[in-house]
Amino acid sequence: MPASWPGSWRKFPLGIHLLFSALPLMFLAWGLLGTAGEGFHRSPTLYPRPFFDPEETAQYLVDSWKARPLPLKERIVAVWGLADAPEGGVDPESPSIVLALALARAGVQIRVSDPGFLEEAKPLLGERVAFFPDPMAALEGAHGVLLATEWPAYLEVDFAEVASRMAGREVLDCRAAWDGEAVDGAGLFHLVYAKPSYPPWLDPELLAFARHVKSKVGEEEGILMVPDGRLGTLSGRARWFLHLNYLLFPRRLYLRKPALACGTSGQYREWVLDWNRERPWKGTRRLRLGDRALSGVVDASPIRSLTPDETKALATLNADWVLYWTHNSDFRITDWECVPAGALP
């Protein structure tokens, strides 16, 4: 018996190593069982809070506004929220403070509001901006409203009232916190400038649109996907057709050069550049088929006439519907429209 002790002692560290190696798997199994027992639901709220880069956002907004007819000095934007977070405070490095100052320095007329830290923000912003205790009053005649802090009172806003007060229609969501379907339903443009941490297939507007299409299109029917014009980004997040293909199954989805569009990032880049270089939409015209089926933004419909190749594809593939979209890395209901093939001239 004593002669076997050295061998037993050599096995002891190995046993301890195996035990500690198994602990992570045990904790993972325990977590999964606990989650399943409580009823697990996929939700963006399970992921870290979306954030935004204030200087990058300000520069993007200024550059896009410079291309519009309205001069920067005449543009009015209401900024809702100045605190880092609803439970936080304000300081010179707060994203909302940096963003408001950057836009004001560019010449934009900025009106700020915050339910908890308006007075504390005044020394940081000085006379460059106008201060509004009432956020709705800040909207009067404004060309856009920007959500920088997701205070509960701001999330419960009535967007029909927002639309009635504003002169413009831009809803700039820097926290990906507003209900895009409600914004769109009021005829406003929901523009998300946050950097979401949740995966694209959990995008609320994507899921809402998929439910809408499933309610219209039979499971045995086919859908031809047609971009309305130039593809606007190389971002992989813009490959919404991948997620729609899964969400709409068993409906058949057809896309031009799908092997490239759904391939590697390099192939996807080639697909985008090839489309923009060939301009296969040239010679088409915008179409208005009456009220939109889901979106409340009537004048921004992506519907256009079909090219001869697209018309031929409809017949060859036996597709019953045409799904038009404007190519963006942010899924917006405004950018998508699914219409019966027989409704097209």
# chains A, B, ... in the order shown; residues from 1 in each chain; ligands from 1
call {"tool": "select_by_dssp", "arguments": {"residues": "range 126-329 of chain A", "states": "strand (DSSP E)", "output": "PyMOL selection string"}}
result
chain A and resi 130-131+144-147+170-173+189-192+222-227+252-254+321-325
call {"tool": "select_by_dssp", "arguments": {"residues": "range 43-229 of chain A", "states": "helix (DSSP H, G or I)", "output": "count of residues only"}}
result
74
call {"tool": "closest_atom_pairs", "arguments": {"of": "range 209-275 of chain A", "to": "range 295-307 of chain A", "cutoff": "12 Å", "atoms": "only C-alpha atoms", "output": "CSV"}}
result
residue,atom,partner,partner_atom,distance
A:Phe209,CA,A:Ser295,CA,9.5
A:His212,CA,A:Ser295,CA,10.5
A:Leu224,CA,A:Leu306,CA,11.0
A:Met225,CA,A:Leu306,CA,11.2
A:Val226,CA,A:Leu306,CA,8.5
A:Pro227,CA,A:Pro302,CA,8.0
A:Asp228,CA,A:Pro302,CA,5.4
A:Gly229,CA,A:Pro302,CA,8.5
A:Arg230,CA,A:Pro302,CA,11.4
call {"tool": "write_last_selection", "arguments": {"atoms": "C-alpha atoms", "output": "short mmCIF file (atom, residue, chain, number, x, y, z; two decimals), in the first residue's frame"}}
result
data_model
loop_
_atom_site.label_atom_id
_atom_site.label_comp_id
_atom_site.auth_asym_id
_atom_site.auth_seq_id
_atom_site.Cartn_x
_atom_site.Cartn_y
_atom_site.Cartn_z
CA PHE A 209 -41.76 44.71 -40.38
CA HIS A 212 -46.25 42.79 -41.11
CA LEU A 224 -38.44 39.44 -55.17
CA MET A 225 -36.21 41.89 -53.28
CA VAL A 226 -35.44 45.11 -55.19
CA PRO A 227 -33.29 48.00 -53.89
CA ASP A 228 -34.83 51.37 -54.76
CA GLY A 229 -31.56 52.75 -56.10
CA ARG A 230 -27.98 53.18 -54.98
#
call {"tool": "closest_residue", "arguments": {"among": "A:Trp275, A:Trp240, A:Trp321, A:Phe159", "to": "Arg256 in chain A", "atoms": "only C-alpha atoms"}}
result
A:Trp275
call {"tool": "residues_around", "arguments": {"residues": "range 86-89 of chain A", "least_positions_apart": "4", "cutoff": "7 Å", "atoms": "only C-alpha atoms", "output": "MDAnalysis selection string"}}
result
chainID A and resid 117 149:151
call {"tool": "residues_around", "arguments": {"residues": "Pro152 in chain A", "least_positions_apart": "5", "cutoff": "12 Å", "atoms": "only C-alpha atoms", "output": "VMD selection string"}}
result
chain A and resid 80 to 81 85 to 87 114 to 116 147 157 177 to 178
call {"tool": "residues_around", "arguments": {"residues": "His243 in chain A", "least_positions_apart": "4", "cutoff": "9 Å", "atoms": "only C-alpha atoms", "output": "list in words"}}
result
Pro200, Trp201, Leu206, Arg239, Leu247 and Leu248 of chain A
call {"tool": "write_last_selection", "arguments": {"atoms": "N, CA and C atoms", "output": "tab-separated table (two decimals), in the first residue's frame"}}
result
chain	number	residue	atom	x	y	z
A	200	PRO	N	-28.22	42.55	-34.82
A	200	PRO	CA	-29.18	43.16	-35.74
A	200	PRO	C	-30.49	42.40	-35.83
A	201	TRP	N	-30.48	41.08	-35.62
A	201	TRP	CA	-31.73	40.32	-35.77
A	201	TRP	C	-32.70	40.59	-34.61
A	206	LEU	N	-37.08	45.88	-37.44
A	206	LEU	CA	-36.97	44.70	-38.31
A	206	LEU	C	-38.03	43.68	-37.94
A	239	ARG	N	-27.07	44.09	-44.05
A	239	ARG	CA	-27.53	42.89	-44.75
A	239	ARG	C	-28.81	42.35	-44.11
A	247	LEU	N	-36.53	35.08	-40.85
A	247	LEU	CA	-37.77	35.44	-40.16
A	247	LEU	C	-39.01	35.13	-41.00
A	248	LEU	N	-38.88	35.17	-42.34
A	248	LEU	CA	-40.03	34.97	-43.22
A	248	LEU	C	-40.18	33.54	-43.73
